[in-house]
$ cat model_24.txt   # compact mmCIF, C-alpha atoms
# COMPACT_ATOMS: atom_id res chain seq x y z
CA MET D 3 0.00 0.00 0.00
CA GLU D 4 1.04 3.59 -0.62
CA VAL D 5 2.60 5.19 2.44
CA THR D 6 3.42 8.90 2.44
CA ILE D 7 5.72 10.31 5.12
CA THR D 8 7.48 13.67 5.39
CA ILE D 9 11.06 12.83 6.33
CA ASN D 10 13.42 15.67 7.25
CA GLY D 11 11.09 18.11 5.52
CA THR D 12 10.72 16.16 2.28
CA THR D 13 7.41 14.42 1.60
CA GLN D 14 7.83 11.08 -0.11
CA SER D 15 5.62 8.12 -1.00
CA HIS D 16 6.52 4.48 -1.38
CA ASP D 17 4.45 1.41 -2.06
CA VAL D 18 5.20 -1.00 0.76
CA GLU D 19 3.72 -4.09 2.41
CA PRO D 20 1.73 -3.25 5.55
CA ARG D 21 4.21 -5.25 7.63
CA THR D 22 7.08 -2.91 6.66
CA LEU D 23 8.59 -1.46 9.84
CA LEU D 24 9.18 2.29 9.87
CA VAL D 25 12.91 1.64 10.34
CA HIS D 26 12.99 -0.39 7.13
CA TYR D 27 10.97 2.27 5.31
CA ILE D 28 13.51 4.88 6.43
CA ARG D 29 16.59 2.79 5.63
CA GLU D 30 15.58 0.86 2.54
CA HIS D 31 12.90 2.92 0.83
CA ALA D 32 13.97 6.44 1.78
CA GLY D 33 17.64 5.44 1.66
CA LEU D 34 18.54 7.05 4.99
CA THR D 35 20.87 4.60 6.69
CA GLY D 36 21.96 6.78 9.60
CA THR D 37 19.22 5.13 11.68
CA ASN D 38 20.50 1.77 12.93
CA ILE D 39 18.95 -1.53 13.94
CA GLY D 40 20.63 -3.01 17.03
CA CYS D 41 18.27 -5.59 18.47
CA ASP D 42 15.19 -7.70 17.87
CA THR D 43 13.34 -6.79 21.05
CA SER D 44 12.61 -3.04 21.05
CA SER D 45 15.28 -2.59 23.72
CA CYS D 46 18.36 -0.91 22.27
CA GLY D 47 16.95 2.35 20.89
CA ALA D 48 19.49 2.57 18.05
CA CYS D 49 16.50 3.01 15.75
CA SER D 50 15.17 6.06 17.62
CA ILE D 51 13.82 8.86 15.43
CA HIS D 52 11.42 11.75 15.99
CA LEU D 53 7.82 11.05 15.00
CA ASN D 54 5.83 14.28 15.18
CA GLY D 55 8.58 15.76 17.34
CA GLU D 56 8.85 12.92 19.88
CA ALA D 57 11.46 10.18 20.11
CA VAL D 58 10.07 6.76 19.20
CA LYS D 59 11.67 3.45 18.31
CA SER D 60 11.13 3.13 14.58
CA CYS D 61 11.54 -0.64 14.74
CA THR D 62 8.33 -0.81 16.80
CA VAL D 63 6.21 1.33 14.51
CA LEU D 64 4.76 0.18 11.19
CA ALA D 65 5.40 2.55 8.30
CA VAL D 66 1.63 2.60 7.70
CA GLN D 67 1.10 3.91 11.23
CA ALA D 68 3.24 6.92 10.27
CA ASP D 69 1.36 7.58 7.04
CA GLY D 70 0.83 11.31 6.62
CA GLN D 71 3.04 12.17 9.58
CA GLU D 72 6.41 13.88 10.13
CA VAL D 73 9.63 12.05 10.78
CA ARG D 74 13.04 13.48 11.58
CA THR D 75 16.08 11.24 11.42
CA ILE D 76 19.69 11.86 12.40
CA GLU D 77 20.35 13.11 8.88
CA GLY D 78 17.89 15.92 9.54
CA MET D 79 19.50 17.24 12.70
CA ALA D 80 22.30 19.35 11.24
CA ALA D 81 21.38 22.61 9.56
CA ALA D 82 21.23 22.88 5.78
CA ASP D 83 24.64 24.54 5.75
CA GLY D 84 26.14 21.64 7.68
CA THR D 85 26.25 23.31 11.07
CA LEU D 86 25.85 20.56 13.64
CA HIS D 87 22.82 20.47 15.91
CA PRO D 88 23.86 21.47 19.46
CA MET D 89 23.35 17.86 20.59
CA GLN D 90 25.67 16.57 17.86
CA GLN D 91 28.21 19.26 18.72
CA ALA D 92 28.05 18.31 22.39
CA PHE D 93 28.63 14.61 21.62
CA MET D 94 31.62 15.56 19.49
CA GLU D 95 33.16 17.83 22.11
CA ASN D 96 32.53 15.52 25.06
CA HIS D 97 33.68 12.21 23.55
CA GLY D 98 30.11 10.92 23.70
CA LEU D 99 30.75 8.07 21.28
CA GLN D 100 33.25 5.31 20.52
CA CYS D 101 32.00 2.95 17.81
CA GLY D 102 29.12 5.30 17.08
CA TYR D 103 26.47 2.63 16.53
CA CYS D 104 24.14 3.79 19.32
CA THR D 105 24.87 7.44 18.65
CA PRO D 106 22.13 8.38 16.18
CA GLY D 107 19.56 6.89 18.54
CA MET D 108 21.15 8.61 21.52
CA VAL D 109 21.14 12.00 19.78
CA MET D 110 17.48 11.60 18.79
CA ALA D 111 16.39 10.40 22.23
CA ALA D 112 18.42 13.04 24.05
CA SER D 113 17.18 15.90 21.89
CA SER D 114 13.60 14.76 22.49
CA LEU D 115 14.35 14.62 26.21
CA LEU D 116 15.57 18.22 26.21
CA LEU D 117 12.45 19.36 24.36
CA GLU D 118 10.39 17.95 27.23
CA ASN D 119 12.82 18.80 30.05
CA PRO D 120 15.19 21.63 29.04
CA HIS D 121 17.11 21.58 32.32
CA PRO D 122 17.53 17.96 33.35
CA THR D 123 19.56 16.80 36.30
CA GLU D 124 22.11 14.05 35.75
CA GLN D 125 19.54 11.58 37.13
CA ASP D 126 16.90 12.92 34.71
CA VAL D 127 19.30 12.27 31.81
CA ARG D 128 20.17 8.74 32.98
CA LEU D 129 16.47 7.88 33.36
CA GLY D 130 15.55 9.75 30.19
CA LEU D 131 17.93 7.62 28.14
CA GLU D 132 16.71 4.31 29.59
CA GLY D 133 15.48 3.37 26.15
CA ASN D 134 18.97 3.54 24.61
CA LEU D 135 21.73 1.00 25.19
CA CYS D 136 25.46 1.51 24.62
CA ARG D 137 28.02 -1.26 24.73
CA CYS D 138 31.15 0.87 24.44
CA THR D 139 31.12 3.93 26.62
CA GLY D 140 29.57 3.00 29.95
CA TYR D 141 27.26 6.00 29.35
CA HIS D 142 29.43 8.43 31.32
CA ASN D 143 30.36 10.73 28.43
CA ILE D 144 26.96 10.35 26.83
CA VAL D 145 25.38 11.81 29.97
CA LYS D 146 28.06 14.51 30.04
CA SER D 147 27.31 15.35 26.39
CA VAL D 148 23.59 15.68 27.03
CA LEU D 149 24.13 17.90 30.09
CA ALA D 150 26.55 20.01 28.03
CA ALA D 151 23.95 20.37 25.27
CA ALA D 152 21.36 21.38 27.86
CA SER D 153 23.50 24.27 29.04
CA ALA D 154 24.69 25.28 25.58
CA MET T 6 12.39 -9.07 13.13
CA ILE T 7 9.85 -9.04 10.31
CA PRO T 8 6.22 -9.83 11.11
CA ALA T 9 4.23 -12.33 9.07
CA ALA T 10 2.20 -10.66 6.35
CA PHE T 11 -1.18 -9.18 7.22
CA ASP T 12 -3.86 -6.91 5.80
CA TYR T 13 -4.15 -3.47 7.34
CA VAL T 14 -7.18 -1.24 7.81
CA ARG T 15 -7.48 2.00 9.72
CA ALA T 16 -10.62 2.69 11.78
CA GLU T 17 -11.94 6.23 11.81
CA SER T 18 -14.19 5.69 14.83
CA ALA T 19 -14.84 3.24 17.65
CA GLU T 20 -18.02 2.14 15.86
CA GLU T 21 -16.09 1.44 12.67
CA ALA T 22 -13.46 -0.46 14.65
CA ILE T 23 -16.18 -2.66 16.15
CA SER T 24 -17.77 -3.23 12.76
CA LEU T 25 -14.38 -4.16 11.22
CA VAL T 26 -13.51 -6.61 13.95
CA GLY T 27 -17.01 -8.09 13.60
CA GLN T 28 -16.30 -8.69 9.90
CA HIS T 29 -12.91 -10.29 10.40
CA GLY T 30 -13.48 -12.15 13.66
CA ASP T 31 -10.62 -14.17 15.14
CA GLU T 32 -8.27 -13.19 12.37
CA ALA T 33 -8.14 -9.54 13.43
CA LYS T 34 -6.33 -7.66 16.18
CA PHE T 35 -6.58 -4.04 17.17
CA ILE T 36 -3.36 -2.05 17.14
CA ALA T 37 -3.03 1.22 19.06
CA GLY T 38 0.52 2.09 20.15
CA GLY T 39 1.60 -1.40 19.17
CA HIS T 40 4.32 -1.63 21.80
CA SER T 41 3.03 -4.91 23.19
CA LEU T 42 1.67 -6.35 19.95
CA LEU T 43 4.42 -5.44 17.46
CA PRO T 44 7.28 -6.94 19.50
CA MET T 45 5.27 -10.20 19.61
CA MET T 46 4.55 -10.02 15.88
CA LYS T 47 8.23 -9.40 15.11
CA LEU T 48 9.07 -12.63 16.93
CA ARG T 49 6.07 -14.26 15.19
CA LEU T 50 4.51 -15.13 18.55
CA ALA T 51 1.44 -13.36 17.18
CA GLN T 52 0.38 -13.57 13.55
CA PRO T 53 -2.95 -11.82 13.06
CA ALA T 54 -4.19 -11.90 9.48
CA VAL T 55 -5.71 -8.44 9.83
CA LEU T 56 -4.59 -5.42 11.84
CA ILE T 57 -7.22 -2.80 12.63
CA ASP T 58 -5.40 0.42 13.45
CA ILE T 59 -7.23 2.34 16.19
CA GLY T 60 -4.22 4.54 16.90
CA ARG T 61 -5.79 7.67 15.44
CA LEU T 62 -8.99 7.58 17.52
CA THR T 63 -7.87 10.71 19.35
CA ASP T 64 -11.42 11.14 20.69
CA LEU T 65 -10.51 8.30 23.04
CA SER T 66 -7.43 10.08 24.39
CA TYR T 67 -8.45 12.17 27.39
CA ILE T 68 -8.15 12.51 31.15
CA ARG T 69 -11.26 13.98 32.78
CA ASP T 70 -12.56 14.66 36.23
CA GLY T 71 -15.61 12.44 36.70
CA GLY T 72 -16.51 13.61 40.21
CA ASP T 73 -15.64 10.63 42.39
CA HIS T 74 -13.27 9.22 39.79
CA ILE T 75 -10.90 10.21 37.01
CA ALA T 76 -11.89 8.96 33.56
CA VAL T 77 -8.96 8.09 31.31
CA GLY T 78 -9.64 7.39 27.64
CA ALA T 79 -8.23 4.06 26.44
CA LEU T 80 -6.09 5.69 23.75
CA THR T 81 -4.31 7.95 26.26
CA ARG T 82 -0.57 7.40 25.97
CA HIS T 83 1.54 6.47 28.98
CA MET T 84 3.46 9.75 28.67
CA ASP T 85 0.21 11.71 28.99
CA VAL T 86 -0.95 9.62 31.98
CA GLU T 87 2.44 10.18 33.62
CA THR T 88 2.43 13.96 33.19
CA SER T 89 -1.26 14.60 33.88
CA ALA T 90 -1.72 17.26 36.58
CA LEU T 91 -5.21 15.90 37.27
CA LEU T 92 -3.90 12.39 37.94
CA GLN T 93 -0.91 13.64 39.89
CA GLU T 94 -3.34 15.37 42.19
CA HIS T 95 -6.05 12.70 42.52
CA VAL T 96 -4.44 9.35 41.63
CA PRO T 97 -0.67 9.88 41.86
CA LEU T 98 -0.06 6.12 42.03
CA LEU T 99 -1.38 5.74 38.49
CA ALA T 100 0.59 8.70 37.12
CA HIS T 101 3.76 7.37 38.70
CA ALA T 102 3.20 3.77 37.52
CA ALA T 103 2.64 4.97 33.94
CA GLY T 104 6.03 6.66 34.15
CA GLN T 105 7.61 3.32 34.99
CA VAL T 106 6.40 1.57 31.84
CA GLY T 107 9.26 0.75 29.48
CA ASP T 108 11.18 3.87 28.54
CA PRO T 109 10.38 7.34 27.14
CA GLN T 110 10.17 6.17 23.54
CA VAL T 111 7.74 3.42 24.55
CA ARG T 112 5.71 5.88 26.59
CA HIS T 113 5.33 8.15 23.56
CA ARG T 114 3.42 5.38 21.76
CA GLY T 115 1.98 2.87 24.23
CA THR T 116 -1.53 3.44 25.57
CA ILE T 117 -3.21 2.61 28.85
CA GLY T 118 -6.04 0.85 27.02
CA GLY T 119 -3.61 -1.25 25.04
CA SER T 120 -1.72 -2.26 28.17
CA ILE T 121 -4.93 -3.27 29.95
CA ALA T 122 -6.52 -5.08 27.01
CA HIS T 123 -3.25 -6.96 26.40
CA ALA T 124 -3.76 -8.49 29.87
CA ASP T 125 -0.14 -9.38 30.55
CA PRO T 126 0.28 -10.05 34.29
CA ALA T 127 3.83 -8.69 34.02
CA SER T 128 2.64 -5.25 32.87
CA ASP T 129 2.54 -2.36 35.31
CA LEU T 130 -0.84 -0.77 34.64
CA PRO T 131 -3.14 -3.80 34.96
CA ALA T 132 -1.96 -4.40 38.54
CA THR T 133 -1.96 -0.68 39.35
CA THR T 134 -5.53 -0.12 38.16
CA LEU T 135 -6.59 -3.35 39.87
CA ALA T 136 -5.14 -2.12 43.19
CA LEU T 137 -6.98 1.18 42.71
CA GLY T 138 -10.34 -0.55 42.23
CA ALA T 139 -10.77 0.65 38.66
CA THR T 140 -13.68 -0.02 36.31
CA TYR T 141 -13.10 -0.53 32.60
CA VAL T 142 -15.64 0.51 29.97
CA ALA T 143 -16.04 -1.66 26.87
CA GLN T 144 -18.00 -0.90 23.73
CA GLY T 145 -19.37 -3.57 21.40
CA PRO T 146 -21.97 -3.97 18.70
CA ASN T 147 -24.71 -4.11 21.35
CA GLY T 148 -23.64 -1.05 23.32
CA THR T 149 -21.34 -0.34 26.25
CA ARG T 150 -20.76 -2.13 29.53
CA GLU T 151 -18.65 -1.59 32.62
CA ILE T 152 -16.33 -4.32 33.84
CA ALA T 153 -14.75 -4.17 37.30
CA ALA T 154 -11.00 -4.71 37.19
CA THR T 155 -11.51 -7.62 39.60
CA ASP T 156 -13.61 -9.37 36.91
CA PHE T 157 -11.48 -8.42 33.93
CA TYR T 158 -8.35 -10.57 33.90
CA LYS T 159 -8.86 -14.24 33.01
CA THR T 160 -5.38 -15.62 32.32
CA PHE T 161 -2.23 -14.73 30.40
CA PHE T 162 -3.17 -12.33 27.58
CA GLU T 163 -6.86 -13.07 28.04
CA SER T 164 -9.42 -10.63 29.36
CA ALA T 165 -13.19 -10.42 29.70
CA LEU T 166 -13.37 -8.39 26.50
CA ALA T 167 -15.43 -10.12 23.83
CA PRO T 168 -13.68 -10.49 20.47
CA ASP T 169 -15.87 -7.73 19.02
CA GLU T 170 -15.45 -5.26 21.89
CA ILE T 171 -13.10 -2.34 22.21
CA LEU T 172 -11.95 -0.86 25.52
CA THR T 173 -12.88 2.82 25.56
CA GLU T 174 -12.33 4.15 29.08
CA ILE T 175 -10.64 3.39 32.39
CA ARG T 176 -12.33 4.86 35.48
CA VAL T 177 -10.13 5.16 38.53
CA PRO T 178 -11.58 6.19 41.92
CA LYS T 179 -10.00 9.29 43.35
CA ARG T 180 -7.69 8.49 46.23
CA SER T 181 -6.57 12.04 46.99
CA GLY T 182 -4.52 12.21 50.13
CA ALA T 183 -3.83 8.47 50.23
CA GLY T 184 -0.29 7.29 50.78
CA TRP T 185 0.96 5.19 47.88
CA SER T 186 3.92 3.37 46.44
CA PHE T 187 4.88 1.48 43.31
CA GLN T 188 7.73 -0.97 43.78
CA LYS T 189 9.09 -2.26 40.47
CA PHE T 190 11.93 -4.71 40.96
CA ASN T 191 14.06 -5.43 37.92
CA ARG T 192 17.74 -5.80 37.14
CA ARG T 193 18.02 -3.73 34.00
CA ALA T 194 16.56 -0.45 32.89
CA GLN T 195 13.34 -0.74 30.88
CA ASP T 196 12.82 -4.39 31.87
CA TRP T 197 9.48 -5.77 32.92
CA ALA T 198 9.18 -6.16 36.69
CA ILE T 199 10.51 -9.47 37.98
CA VAL T 200 7.96 -8.75 40.71
CA GLY T 201 6.12 -5.47 41.30
CA VAL T 202 3.74 -4.11 43.93
CA ALA T 203 1.22 -1.29 43.58
CA ALA T 204 -0.17 -0.10 46.91
CA TRP T 205 -2.18 2.71 48.42
CA ARG T 206 -3.60 3.22 51.87
CA SER T 207 -5.81 5.81 53.44
CA ASN T 208 -7.24 5.62 56.97
CA GLY T 209 -8.44 2.05 57.35
CA ASP T 210 -8.54 1.30 53.64
CA ALA T 211 -5.87 -0.15 51.40
CA GLY T 212 -5.38 -1.65 47.96
CA VAL T 213 -2.43 -3.84 47.08
CA ALA T 214 -1.83 -5.66 43.80
CA LEU T 215 1.09 -7.67 42.49
CA VAL T 216 2.84 -7.61 39.11
CA ASN T 217 4.18 -10.84 37.62
CA MET T 218 2.98 -13.13 40.42
CA GLY T 219 0.52 -15.26 38.48
CA ALA T 220 -1.41 -15.69 35.27
CA THR T 221 -3.19 -12.40 35.97
CA PRO T 222 -2.37 -9.33 38.08
CA VAL T 223 -3.03 -10.39 41.67
CA LEU T 224 -5.15 -8.44 44.13
CA ALA T 225 -3.57 -9.12 47.52
CA THR T 226 -6.82 -9.07 49.48
CA SER T 227 -5.29 -10.84 52.48
CA VAL T 228 -2.83 -7.99 52.89
CA SER T 229 -5.48 -5.27 52.78
CA ALA T 230 -7.80 -7.26 55.07
CA ALA T 231 -4.99 -7.72 57.60
CA LEU T 232 -4.24 -4.01 57.58
CA SER T 233 -7.93 -3.17 58.09
CA SER T 234 -8.10 -5.46 61.10
CA GLY T 235 -5.11 -3.75 62.68
CA SER T 236 -2.17 -5.94 61.68
CA SER T 237 1.24 -4.36 61.49
CA ILE T 238 2.82 -3.77 58.10
CA GLU T 239 5.25 -6.64 58.67
CA GLU T 240 2.44 -9.05 59.54
CA ALA T 241 0.34 -7.95 56.58
CA ALA T 242 3.25 -8.18 54.14
CA GLU T 243 3.79 -11.81 55.11
CA LEU T 244 0.40 -12.52 53.51
CA ALA T 245 1.43 -11.05 50.15
CA THR T 246 1.57 -14.42 48.43
CA ALA T 247 -1.80 -15.71 49.71
CA GLU T 248 -3.62 -15.10 46.41
CA ALA T 249 -0.60 -15.47 44.12
CA SER T 250 0.59 -18.36 41.99
CA PRO T 251 3.96 -17.22 40.66
CA GLN T 252 5.81 -18.99 37.90
CA ALA T 253 9.49 -19.75 37.56
CA ASP T 254 11.35 -18.34 34.57
CA LEU T 255 14.82 -17.17 33.52
CA ASN T 256 14.61 -14.25 35.94
CA ALA T 257 13.44 -15.91 39.14
CA SER T 258 12.43 -19.13 40.81
CA ILE T 259 9.03 -19.45 42.47
CA GLU T 260 10.67 -19.10 45.90
CA TYR T 261 12.52 -15.94 44.88
CA ARG T 262 9.32 -14.39 43.50
CA GLU T 263 7.47 -15.20 46.73
CA HIS T 264 10.28 -13.66 48.75
CA LEU T 265 10.31 -10.55 46.54
CA ALA T 266 6.53 -10.17 46.85
CA LYS T 267 6.72 -10.05 50.63
CA VAL T 268 9.71 -7.71 50.77
CA LEU T 269 8.29 -5.34 48.15
CA THR T 270 4.86 -5.35 49.79
CA ARG T 271 6.46 -4.41 53.09
CA ARG T 272 8.46 -1.61 51.43
CA ALA T 273 5.41 -0.38 49.55
CA LEU T 274 3.28 -0.27 52.68
CA GLN T 275 6.01 1.48 54.63
CA ALA T 276 6.36 4.09 51.91
CA ALA T 277 2.57 4.46 51.71
CA THR T 278 2.35 4.97 55.44
CA SER T 279 5.14 7.46 56.02

$ encode --input "model_24.txt" --output "structure tokens"
Amino acid sequence: MEVTITINGTTQSHDVEPRTLLVHYIREHAGLTGTNIGCDTSSCGACSIHLNGEAVKSCTVLAVQADGQEVRTIEGMAAADGTLHPMQQAFMENHGLQCGYCTPGMVMAASSLLLENPHPTEQDVRLGLEGNLCRCTGYHNIVKSVLAAASA
Amino acid sequence: MIPAAFDYVRAESAEEAISLVGQHGDEAKFIAGGHSLLPMMKLRLAQPAVLIDIGRLTDLSYIRDGGDHIAVGALTRHMDVETSALLQEHVPLLAHAAGQVGDPQVRHRGTIGGSIAHADPASDLPATTLALGATYVAQGPNGTREIAATDFYKTFFESALAPDEILTEIRVPKRSGAGWSFQKFNRRAQDWAIVGVAAWRSNGDAGVALVNMGATPVLATSVSAALSSGSSIEEAAELATAEASPQADLNASIEYREHLAKVLTRRALQAATS
């Protein structure tokens, strides 16, 4: 069936099976591979994107459920001239990534967190990123990056 | 990772949803937030032939003051239940429990109606609403009916909802001023509770329900009865397992679950009493 989604400001339509996950629509039909798949159980959050301005796990949404709605992926966070989003800048400056696999999901989840809670405590950040797993960093610099972005 | 194939239809109203499920019968499942159903479908533990999307029935997303109760529409998302000023004032136990479900991304999609209709004894909101003495409102082809939470849960993933009924509203009695606590014991962030306890108490009255201690959420009536007849918290908490039939799994043995139920009940009652 025809599914139309506005991704990073561009409205596009693709004919997909109803069982197509939003993450597969984004990666395989829209060609945006910055969003990663890291698990089979809706746990890791590497697939996190913004649906209508809120972080959701795109592996646990059907593309058809997002028909007619707005999606922002990691590719849509930097400005058109390439200037990094403050969250991306903060991750860069605070060594918030090692292998980088969880990072797109972390940036999307953290930026959504700051929209809802602009001045989080460290505990707020740790709880707010419960939906995102990282195997490399031990989370310490991720939390530092998010707090830095909050005070930027 | 990829669900089995299915046909998809979107309902524009509760009436249309009921009519669609009437047409397709056993083959059809409702999907709202999909954060219980889709994970099962991705593992092919569920393979409905037809999905009826009720996720856009925004008319059923509301939190209203109903006088002696708060009425929560079934399509209200966990995030909205968690942050509701009305619930934080009148039923803070429910607002808090909703904030314990999964993680923020899950709470942006999952709904209270979906969680209750899914009838998983390991979910947080079935036990919480059971402890609070909630009533659920169901709508079917022949009209609406009210189902007490105590009559709702039959066994794992099975409720009193008829196949052609849709849950529309959850009514939770106001417990303003009651002490309360939600104890969710798990080892990893965002995990289901290995065991959980939802408790409130006010004057001589109390409600205590257990998460993941049986085939349904368990109302610990022995605990509340003991408290009413003057037992100490420690004595009452010892009765936590009286109505429970916990299972063993990868996370805990039966004995460990029983132990957890008593400890968490004691902690919950202490927190609800301080």

$ interface_residues --input "model_24.txt" --of "chain D" --to "chain T" --cutoff "10 Å" --atoms "all atoms listed in the file" --output "PyMOL selection string"
chain D and resi 3+19-23+26+41-47+50-53+56-64+66-67+111+114-115+128-135

$ atom_distance --input "model_24.txt" --atom1 "atom CA of T:Asn147" --atom2 "atom CA of T:Leu25"
14.5 Å

$ atom_distance --input "model_24.txt" --atom1 "atom CA of T:Ser181" --atom2 "atom CA of T:Ala214"
18.6 Å

$ residues_around --input "model_24.txt" --residues "stretch 265-277 of chain T" --least-positions-apart "2" --cutoff "8 Å" --atoms "all atoms listed in the file" --output "PyMOL selection string"
chain T and resi 183-188+200-206+213+215+218+238-239+241-246+261-263+279

$ residues_around --input "model_24.txt" --residues "stretch 76-80 of chain D" --least-positions-apart "3" --cutoff "6 Å" --atoms "all atoms listed in the file" --output "list of chain:residue names"
D:Asn10, D:Gly84, D:Thr85, D:Leu86, D:His87, D:Pro106

$ write_last_selection --input "model_24.txt" --atoms "C-alpha atoms" --output "tab-separated table (two decimals), in the coordinates of the input"
chain	number	residue	atom	x	y	z
D	10	ASN	CA	13.42	15.67	7.25
D	84	GLY	CA	26.14	21.64	7.68
D	85	THR	CA	26.25	23.31	11.07
D	86	LEU	CA	25.85	20.56	13.64
D	87	HIS	CA	22.82	20.47	15.91
D	106	PRO	CA	22.13	8.38	16.18

$ atom_distance --input "model_24.txt" --atom1 "atom CA of T:His95" --atom2 "atom CA of T:His74"
8.5 Å

$ residues_around --input "model_24.txt" --residues "D:Leu116" --least-positions-apart "2" --cutoff "10 Å" --atoms "all atoms listed in the file" --output "mmCIF file with C-alpha atoms, in the coordinates of the input"
data_model
loop_
_atom_site.group_PDB
_atom_site.id
_atom_site.type_symbol
_atom_site.label_atom_id
_atom_site.label_comp_id
_atom_site.auth_asym_id
_atom_site.auth_seq_id
_atom_site.Cartn_x
_atom_site.Cartn_y
_atom_site.Cartn_z
ATOM 1 C CA MET D 89 23.350 17.860 20.590
ATOM 2 C CA ALA D 111 16.390 10.400 22.230
ATOM 3 C CA ALA D 112 18.420 13.040 24.050
ATOM 4 C CA SER D 113 17.180 15.900 21.890
ATOM 5 C CA SER D 114 13.600 14.760 22.490
ATOM 6 C CA GLU D 118 10.390 17.950 27.230
ATOM 7 C CA ASN D 119 12.820 18.800 30.050
ATOM 8 C CA PRO D 120 15.190 21.630 29.040
ATOM 9 C CA HIS D 121 17.110 21.580 32.320
ATOM 10 C CA PRO D 122 17.530 17.960 33.350
ATOM 11 C CA VAL D 127 19.300 12.270 31.810
ATOM 12 C CA GLY D 130 15.550 9.750 30.190
ATOM 13 C CA VAL D 148 23.590 15.680 27.030
ATOM 14 C CA LEU D 149 24.130 17.900 30.090
ATOM 15 C CA ALA D 151 23.950 20.370 25.270
ATOM 16 C CA ALA D 152 21.360 21.380 27.860
#

$ residues_near_point --input "model_24.txt" --point "(8.6, -1.6, -0.4)" --cutoff "8 Å" --atoms "only C-alpha atoms" --output "list in words"
His16, Asp17, Val18, Glu19, Thr22, Tyr27, Glu30 and His31 of chain D

$ closest_residue --input "model_24.txt" --among "D:Asp126, D:Glu95, D:Asp83, D:Glu4" --to "D:Ala154" --atoms "all atoms listed in the file"
D:Glu95

$ residues_around --input "model_24.txt" --residues "T:Asp70" --least-positions-apart "6" --cutoff "9 Å" --atoms "all atoms listed in the file" --output "list in words"
Ala76, Val77 and Leu91 of chain T

$ closest_residue --input "model_24.txt" --among "D:Gly11, D:Gly70, D:Gly40, D:Gly55" --to "D:Gly107" --atoms "all atoms listed in the file"
D:Gly40

$ closest_residue --input "model_24.txt" --among "D:Cys138, D:Ala48, D:Ile28, D:Ala150" --to "D:Thr105" --atoms "all atoms listed in the file"
D:Ala48

$ build_atoms --input "model_24.txt" --residues "stretch 29-42 of chain D" --atoms "N, CA and C atoms" --output "mmCIF file, in the frame of the given file"
data_model
loop_
_atom_site.group_PDB
_atom_site.id
_atom_site.type_symbol
_atom_site.label_atom_id
_atom_site.label_comp_id
_atom_site.auth_asym_id
_atom_site.auth_seq_id
_atom_site.Cartn_x
_atom_site.Cartn_y
_atom_site.Cartn_z
ATOM 1 N N ARG D 29 15.286 3.228 6.109
ATOM 2 C CA ARG D 29 16.590 2.790 5.630
ATOM 3 C C ARG D 29 16.551 2.331 4.180
ATOM 4 N N GLU D 30 15.550 1.532 3.837
ATOM 5 C CA GLU D 30 15.580 0.860 2.540
ATOM 6 C C GLU D 30 14.782 1.565 1.457
ATOM 7 N N HIS D 31 13.708 2.246 1.840
ATOM 8 C CA HIS D 31 12.900 2.920 0.830
ATOM 9 C C HIS D 31 13.287 4.387 0.702
ATOM 10 N N ALA D 32 13.531 5.044 1.845
ATOM 11 C CA ALA D 32 13.970 6.440 1.780
ATOM 12 C C ALA D 32 15.486 6.550 1.665
ATOM 13 N N GLY D 33 16.191 5.440 1.847
ATOM 14 C CA GLY D 33 17.640 5.440 1.660
ATOM 15 C C GLY D 33 18.437 6.139 2.746
ATOM 16 N N LEU D 34 17.845 6.343 3.911
ATOM 17 C CA LEU D 34 18.540 7.050 4.990
ATOM 18 C C LEU D 34 19.054 6.027 5.991
ATOM 19 N N THR D 35 20.331 5.700 5.891
ATOM 20 C CA THR D 35 20.870 4.600 6.690
ATOM 21 C C THR D 35 21.563 5.057 7.963
ATOM 22 N N GLY D 36 21.398 6.322 8.332
ATOM 23 C CA GLY D 36 21.960 6.780 9.600
ATOM 24 C C GLY D 36 21.267 6.133 10.793
ATOM 25 N N THR D 37 19.992 5.793 10.628
ATOM 26 C CA THR D 37 19.220 5.130 11.680
ATOM 27 C C THR D 37 19.593 3.652 11.676
ATOM 28 N N ASN D 38 19.987 3.131 12.847
ATOM 29 C CA ASN D 38 20.500 1.770 12.930
ATOM 30 C C ASN D 38 19.530 0.801 13.580
ATOM 31 N N ILE D 39 19.722 -0.464 13.299
ATOM 32 C CA ILE D 39 18.950 -1.530 13.940
ATOM 33 C C ILE D 39 19.935 -2.305 14.818
ATOM 34 N N GLY D 40 19.656 -2.369 16.136
ATOM 35 C CA GLY D 40 20.630 -3.010 17.030
ATOM 36 C C GLY D 40 20.095 -4.174 17.818
ATOM 37 N N CYS D 41 18.813 -4.488 17.685
ATOM 38 C CA CYS D 41 18.270 -5.590 18.470
ATOM 39 C C CYS D 41 17.022 -6.137 17.779
ATOM 40 N N ASP D 42 16.398 -7.092 18.421
ATOM 41 C CA ASP D 42 15.190 -7.700 17.870
ATOM 42 C C ASP D 42 14.024 -7.540 18.847
#
